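> Dropping in my_file_1.cif, with mmCIF, C-alpha atoms and all ligand atoms.
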data_data
#
loop_
_atom_site.label_atom_id
_atom_site.label_comp_id
_atom_site.auth_asym_id
_atom_site.auth_seq_id
_atom_site.Cartn_x
_atom_site.Cartn_y
_atom_site.Cartn_z
CA MET S 1 -18.72 -5.82 25.89
CA GLU S 2 -17.91 -2.23 26.73
CA PRO S 3 -19.62 0.41 24.70
CA SER S 4 -17.40 2.36 22.36
CA LYS S 5 -15.40 5.16 23.92
CA HIS S 6 -15.29 7.10 20.73
CA PRO S 7 -17.63 10.10 20.99
CA LYS S 8 -18.38 10.34 17.30
CA TYR S 9 -17.61 7.24 15.32
CA GLY S 10 -19.83 4.23 15.65
CA SER S 11 -19.47 1.38 18.05
CA ASN S 12 -17.86 -2.01 18.24
CA ALA S 13 -14.60 -0.94 16.66
CA ASN S 14 -12.87 -4.07 15.66
CA LYS S 15 -9.59 -3.75 13.92
CA ASP S 16 -8.97 -6.89 12.02
CA ALA S 17 -5.32 -6.72 11.28
CA GLY S 18 -5.40 -10.25 9.99
CA ASP S 19 -2.46 -12.50 9.38
CA SER S 20 0.30 -9.99 9.59
CA SER S 21 3.31 -11.99 8.53
CA SER S 22 1.84 -12.82 5.17
CA VAL S 23 1.37 -9.21 4.12
CA LEU S 24 4.90 -8.68 3.01
CA ASN S 25 5.21 -11.61 0.70
CA GLY S 26 2.08 -10.68 -1.07
CA HIS S 27 -0.55 -13.08 0.19
CA PHE S 28 -2.74 -11.25 2.57
CA ASP S 29 -5.85 -13.17 3.44
CA GLY S 30 -6.61 -11.81 6.87
CA MET S 31 -7.99 -8.48 5.78
CA VAL S 32 -10.95 -9.82 3.87
CA LYS S 33 -12.18 -11.79 6.87
CA ARG S 34 -15.24 -10.41 8.60
CA PRO S 35 -14.52 -9.84 12.26
CA ASP S 36 -17.43 -11.96 13.47
CA GLY S 37 -16.60 -12.18 17.12
CA GLY S 38 -14.39 -15.17 17.79
CA GLY S 39 -12.98 -13.60 20.94
CA ARG S 40 -11.73 -10.44 19.26
CA SER S 41 -13.96 -7.89 20.88
CA GLY S 42 -13.78 -4.19 20.20
CA ALA S 43 -12.84 -3.50 23.81
CA ALA S 44 -9.96 -5.95 23.63
CA GLN S 45 -8.69 -4.36 20.45
CA ALA S 46 -8.89 -0.88 21.95
CA ALA S 47 -6.92 -2.07 24.98
CA VAL S 48 -4.22 -3.44 22.72
CA ALA S 49 -4.07 -0.18 20.85
CA GLU S 50 -3.72 1.86 24.03
CA SER S 51 -1.03 -0.28 25.60
CA GLY S 52 1.00 -0.27 22.40
CA SER S 53 1.79 3.42 22.53
CA HIS S 54 4.96 4.14 20.56
CA ARG S 55 6.15 0.63 20.99
CA ALA S 56 6.90 -1.09 17.71
CA ALA S 57 6.12 -4.41 19.31
CA THR S 58 3.86 -6.11 16.82
CA SER S 59 5.10 -8.92 14.68
CA VAL S 60 4.37 -6.93 11.54
CA MET S 61 6.60 -4.11 12.71
CA GLU S 62 9.29 -6.68 13.49
CA SER S 63 8.94 -8.23 10.06
CA TRP S 64 9.32 -4.80 8.47
CA LYS S 65 12.84 -4.66 9.86
CA GLU S 66 13.63 -7.96 8.18
CA GLU S 67 12.05 -6.91 4.91
CA ARG S 68 14.12 -7.88 1.92
CA THR S 69 15.40 -4.81 0.16
CA ARG S 70 17.43 -4.18 -2.94
CA SER S 71 20.55 -2.10 -2.46
CA VAL S 72 22.20 0.34 -4.84
CA GLU S 73 24.99 -2.22 -5.19
CA ASP S 74 22.42 -4.86 -6.15
CA ASN S 75 21.19 -2.53 -8.87
CA GLU S 76 24.68 -2.02 -10.26
CA MET S 77 25.46 -5.70 -10.17
CA SER S 78 22.27 -6.81 -11.89
CA LEU S 79 22.23 -4.10 -14.55
CA PRO S 80 24.34 -6.01 -17.14
CA SER S 81 22.20 -9.14 -16.92
CA LEU S 82 19.01 -7.09 -17.00
CA ALA S 83 20.26 -5.28 -20.11
CA ALA S 84 21.20 -8.59 -21.71
CA ALA S 85 17.69 -9.81 -21.00
CA TYR S 86 16.25 -6.77 -22.78
CA SER S 87 18.49 -7.53 -25.81
CA THR S 88 16.97 -10.99 -25.83
CA ILE S 89 13.50 -9.46 -25.72
CA LEU S 90 14.35 -7.18 -28.66
CA ARG S 91 15.57 -10.15 -30.71
CA GLY S 92 12.54 -12.15 -29.65
CA LEU S 93 10.31 -9.39 -30.97
CA GLY S 94 12.03 -9.65 -34.37
CA GLU S 95 14.07 -6.51 -33.88
CA ASP S 96 17.78 -5.99 -34.42
CA PRO S 97 19.41 -4.86 -31.16
CA GLN S 98 22.33 -3.53 -33.25
CA ARG S 99 20.08 -1.11 -35.11
CA GLN S 100 21.24 2.40 -34.30
CA GLY S 101 18.08 3.51 -32.49
CA LEU S 102 18.18 0.43 -30.26
CA LEU S 103 21.88 0.36 -29.39
CA LYS S 104 21.39 1.80 -25.91
CA THR S 105 17.85 0.61 -25.41
CA PRO S 106 18.63 -2.49 -23.31
CA TRP S 107 20.56 -0.38 -20.79
CA ARG S 108 17.97 2.36 -20.77
CA ALA S 109 15.15 -0.12 -20.32
CA ALA S 110 17.00 -1.95 -17.54
CA THR S 111 17.71 1.28 -15.70
CA ALA S 112 14.12 2.41 -16.14
CA MET S 113 12.78 -0.89 -14.84
CA GLN S 114 14.95 -0.59 -11.76
CA PHE S 115 13.48 2.87 -11.19
CA PHE S 116 9.93 1.63 -11.70
CA THR S 117 10.56 -0.94 -8.97
CA LYS S 118 12.55 1.22 -6.59
CA GLY S 119 10.09 0.45 -3.83
CA TYR S 120 12.14 -2.70 -3.25
CA GLN S 121 15.02 -0.46 -2.19
CA GLU S 122 13.13 1.04 0.72
CA LYS S 123 11.73 -0.24 3.97
CA ILE S 124 8.49 0.97 5.48
CA ILE S 125 10.12 1.04 8.89
CA ASP S 126 12.64 3.67 7.72
CA VAL S 127 9.81 5.95 6.62
CA LEU S 128 7.93 5.62 9.88
CA ASN S 129 10.91 6.26 12.11
CA ASP S 130 10.62 9.69 13.71
CA ALA S 131 7.37 10.42 11.89
CA ILE S 132 4.84 9.17 14.45
CA PHE S 133 3.64 11.81 16.87
CA ASP S 134 1.53 11.79 20.03
CA GLU S 135 -1.46 13.94 19.36
CA ASP S 136 -4.78 14.12 21.16
CA HIS S 137 -6.70 14.31 17.92
CA ASP S 138 -9.49 11.89 17.09
CA GLU S 139 -11.14 13.43 14.05
CA MET S 140 -10.75 11.87 10.65
CA VAL S 141 -7.52 12.60 8.79
CA ILE S 142 -7.73 12.34 5.01
CA VAL S 143 -5.10 12.71 2.32
CA LYS S 144 -6.61 12.27 -1.11
CA ASP S 145 -5.43 12.27 -4.73
CA ILE S 146 -1.98 10.84 -4.02
CA ASP S 147 -0.47 10.02 -7.41
CA MET S 148 0.44 6.39 -7.81
CA PHE S 149 2.57 4.64 -10.42
CA SER S 150 3.01 0.91 -10.24
CA MET S 151 3.72 -2.12 -12.41
CA CYS S 152 1.28 -4.95 -13.00
CA GLU S 153 3.00 -8.12 -11.91
CA HIS S 154 1.15 -10.19 -14.49
CA HIS S 155 2.15 -8.22 -17.58
CA LEU S 156 4.96 -5.91 -16.42
CA VAL S 157 3.18 -2.84 -17.75
CA PRO S 158 2.12 0.25 -15.81
CA ILE S 159 -0.75 0.69 -13.44
CA PHE S 160 -1.33 4.33 -12.55
CA GLY S 161 -3.92 6.27 -10.68
CA ARG S 162 -4.75 7.94 -7.41
CA VAL S 163 -4.81 6.81 -3.81
CA HIS S 164 -7.07 8.21 -1.10
CA ILE S 165 -6.27 7.50 2.53
CA GLY S 166 -8.25 8.24 5.67
CA TYR S 167 -7.77 7.23 9.26
CA LEU S 168 -9.12 7.94 12.72
CA PRO S 169 -6.20 8.64 15.05
CA ASN S 170 -6.00 6.95 18.42
CA LYS S 171 -3.59 9.33 20.16
CA ARG S 172 -1.03 8.92 17.42
CA VAL S 173 -0.69 10.61 14.05
CA LEU S 174 1.70 10.20 11.16
CA GLY S 175 3.44 13.06 9.38
CA LEU S 176 1.15 13.75 6.40
CA SER S 177 3.86 13.45 3.76
CA LYS S 178 4.62 9.97 5.09
CA LEU S 179 1.29 8.67 3.82
CA ALA S 180 2.43 9.47 0.30
CA ARG S 181 5.79 7.82 1.03
CA ILE S 182 4.04 4.62 2.11
CA VAL S 183 2.12 4.67 -1.17
CA GLU S 184 5.38 5.20 -3.06
CA ILE S 185 7.21 2.32 -1.39
CA TYR S 186 4.48 -0.24 -2.02
CA SER S 187 3.47 0.99 -5.47
CA ARG S 188 7.00 1.02 -6.89
CA ARG S 189 7.05 -2.74 -6.88
CA LEU S 190 5.45 -5.45 -8.98
CA GLN S 191 1.87 -5.35 -7.81
CA VAL S 192 -1.75 -6.22 -8.11
CA GLN S 193 -4.03 -3.37 -7.11
CA GLU S 194 -5.89 -5.35 -4.45
CA ARG S 195 -2.69 -6.19 -2.57
CA LEU S 196 -1.34 -2.66 -2.87
CA THR S 197 -4.53 -1.33 -1.29
CA LYS S 198 -4.30 -3.73 1.63
CA GLN S 199 -0.60 -3.21 2.21
CA ILE S 200 -1.09 0.53 2.57
CA ALA S 201 -3.98 0.05 5.01
CA VAL S 202 -2.07 -2.50 7.05
CA ALA S 203 1.04 -0.32 7.23
CA ILE S 204 -1.01 2.55 8.67
CA THR S 205 -2.83 0.22 11.04
CA GLU S 206 0.35 -1.30 12.38
CA ALA S 207 2.18 1.99 12.67
CA LEU S 208 -0.54 4.02 14.38
CA GLN S 209 -3.03 1.53 15.84
CA PRO S 210 -5.78 3.93 14.75
CA THR S 211 -9.46 3.23 15.43
CA GLY S 212 -10.10 3.01 11.71
CA VAL S 213 -8.43 3.12 8.31
CA GLY S 214 -9.80 3.49 4.80
CA VAL S 215 -7.80 3.22 1.59
CA VAL S 216 -9.33 3.65 -1.87
CA ILE S 217 -7.35 3.31 -5.10
CA GLU S 218 -8.67 4.30 -8.53
CA ALA S 219 -6.33 3.10 -11.23
CA THR S 220 -5.89 2.48 -14.93
CA HIS S 221 -4.19 -0.74 -15.96
CA MET S 222 -2.33 -0.48 -19.23
CA CYS S 223 -2.67 -4.24 -19.67
CA MET S 224 -6.42 -3.65 -19.80
CA VAL S 225 -6.62 -0.49 -21.91
CA MET S 226 -4.03 -1.57 -24.52
CA ARG S 227 -5.26 -5.11 -25.01
CA GLY S 228 -8.52 -6.90 -25.64
CA VAL S 229 -11.47 -4.59 -25.86
CA GLN S 230 -9.18 -1.55 -25.34
CA LYS S 231 -11.49 0.28 -23.00
CA MET S 232 -9.61 3.55 -22.82
CA ASN S 233 -11.41 4.97 -19.85
CA SER S 234 -11.95 1.93 -17.70
CA LYS S 235 -10.82 2.37 -14.12
CA THR S 236 -10.37 -0.22 -11.44
CA VAL S 237 -11.42 0.81 -7.95
CA THR S 238 -10.32 -1.11 -4.87
CA SER S 239 -10.84 -0.33 -1.22
CA THR S 240 -9.80 -1.64 2.16
CA MET S 241 -11.79 -0.53 5.21
CA LEU S 242 -10.69 -1.42 8.72
CA GLY S 243 -12.00 -0.68 12.21
CA PHE S 244 -14.68 2.02 12.28
CA PHE S 245 -14.40 2.44 8.53
CA ARG S 246 -15.59 -1.12 8.17
CA GLU S 247 -17.99 -1.33 11.10
CA ASP S 248 -19.71 2.03 10.99
CA PRO S 249 -21.53 3.06 7.79
CA LYS S 250 -21.58 6.73 8.87
CA THR S 251 -17.80 6.83 9.20
CA ARG S 252 -17.36 5.09 5.87
CA ASP S 253 -19.81 7.45 4.17
CA GLU S 254 -18.06 10.50 5.61
CA PHE S 255 -14.75 9.21 4.21
CA LEU S 256 -16.21 8.36 0.80
CA THR S 257 -17.99 11.71 0.58
CA LEU S 258 -14.88 13.67 1.49
CA ILE S 259 -12.64 11.91 -1.03
CA ARG S 260 -15.18 12.60 -3.77
CA SER S 261 -15.61 16.27 -2.96
ZN ZN K 1 -1.78 -6.79 -16.04
#
As structure tokens, please, write out the structure in this file.
Ligand SMILES: [Zn+2]


Amino acid sequence: MEPSKHPKYGSNANKDAGDSSSVLNGHFDGMVKRPDGGGRSGAAQAAVAESGSHRAATSVMESWKEERTRSVEDNEMSLPSLAAAYSTILRGLGEDPQRQGLLKTPWRAATAMQFFTKGYQEKIIDVLNDAIFDEDHDEMVIVKDIDMFSMCEHHLVPIFGRVHIGYLPNKRVLGLSKLARIVEIYSRRLQVQERLTKQIAVAITEALQPTGVGVVIEATHMCMVMRGVQKMNSKTVTSTMLGFFREDPKTRDEFLTLIRS
């Protein structure tokens, strides 16, 4: 195996992009696998990354084009049935939907729910178009404290918190504001925090073929703080580390130190 070409960050970079096609429908198993050899050497991965320059050739990128999205017309068409469903919920809760304060509530709630899930109306591929630049920069890029608002898919109540993203460019960088847009697209859907974390990391990996990616999300789940033991200040922290961020403790520590500072 060739030694690492990276002057600063570790050795044996091994991007484990995992089973790409399953990312989008919410079952991503590949990322948690340890890259334990099996023919996927660091040198081979680096070669793939270099030959893929600006070519959206991977199957994940292809699947992004096919991604199911919700159109504005879909929103308009489904609004009446969504509102009717909220009327049913109000009655089911023992309320009177005809009570003055509730008259417009089903429509308001339906419209709000469509907004909370507007990530379904956007495709990652549209965000990345024209935002990937050739740049001979290989130092760590970090954007931290990106606000995140999502909806727990188990209880349909908010998850909110902050996302920290770092990556090591491999001749390609992404416009910085686009990292926040990726967070927005995936978080404004029904989610679990673990999947959200991985989807963000995979999107950056596929788009840039960097030598490493780290994503950390700190979030509060309203389904946890409002129910059960009502731990007001409990936070859930999830992380996905790929490439050098996974393989090299020094790289990971640098990232974790910088997002805490
Ligand atoms: Zn929940």

> At a cut-off of 8 Å, using all atoms listed in the file, what residues contact Arg189 in chain S? Leave out same-chain residues fewer than 5 positions from it and give the result as a ChimeraX atom specification.

/S:116-120,150-151

> Enter the distance from CA of Lys123 in chain S to CA of Arg195 in chain S, in Å, rounded to one decimal.

16.9 Å

> 12 Å from ligand ZN 1 (chain K) is the threshold here; counting all atoms listed in the file, which polymer residues fall inside it? Answer as a PyMOL selection string.

chain S and resi 150-160+190-193+219-228+236

> Just checking: using only C-alpha atoms, which residue out of S:Ser78, S:Thr197, S:Thr251, S:Gln98 ends up closest to Arg162 in chain S?

S:Thr197

> Under the rule that only C-alpha atoms are counted, which of S:Gly166, S:Gly175, S:Gly101, S:Gly243 is the nearest residue to Ile200 in chain S?

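Result for the nearest residue to Ile200 in chain S: S:Gly166.
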
> Please provide the set of residues having any atom within 8 Å of range 128-130 of chain S, restricted to only C-alpha atoms, with same-chain residues fewer than 2 positions apart removed, written as a list in words.

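Surrounding residues, per the criterion: Ile124, Ile125, Asp126, Ile132, Phe133, Leu174, Lys178 and Ala207 of chain S.
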
> Using Å and a single decimal, report how far CA of Thr205 in chain S sits from CA of Glu135 in chain S.

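Computed distance, CA of Glu135 in chain S to CA of Thr205 in chain S, equals 16.1 Å.
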
> Provide the CA of Gln121 in chain S to CA of Asn75 in chain S distance in Å, to one decimal place.

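Between CA of Gln121 in chain S and CA of Asn75 in chain S the gap works out to 9.3 Å.
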
> Give me the residues within 10 Å of Thr240 in chain S as a ChimeraX atom specification, counting only C-alpha atoms and dropping any in the same chain fewer than 6 places off.

/S:31-32,165,194-202,213-217,246

> Of the candidates S:Asp253, S:Glu73, S:Asp145, S:Glu139, which one gets nearest to Pro169 in chain S if we count only C-alpha atoms?

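For Pro169 in chain S, the nearest of the given residues is S:Glu139.
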
> Under the rule that all atoms listed in the file are counted, which of S:Val143, S:Asp138, S:Arg188, S:Ser234 is the nearest residue to Pro210 in chain S?

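For Pro210 in chain S, the nearest of the candidates is S:Asp138.
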
> Have a look at S:Met77, S:Leu103, S:Ile259, S:Leu208 and name the one nearest to Ile146 in chain S; count all atoms listed in the file.

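Distance minimum relative to Ile146 in chain S lands on S:Ile259.
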
> Within 7 Å of range 80-87 of chain S, counting only C-alpha atoms, which residues show up once you throw out same-chain ones fewer than 3 positions away? Write them as a list of chain:residue names, please.

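Residues near the query, excluding close chain neighbours: S:Leu90, S:Arg91, S:Pro97, S:Pro106, S:Trp107, S:Ala110.
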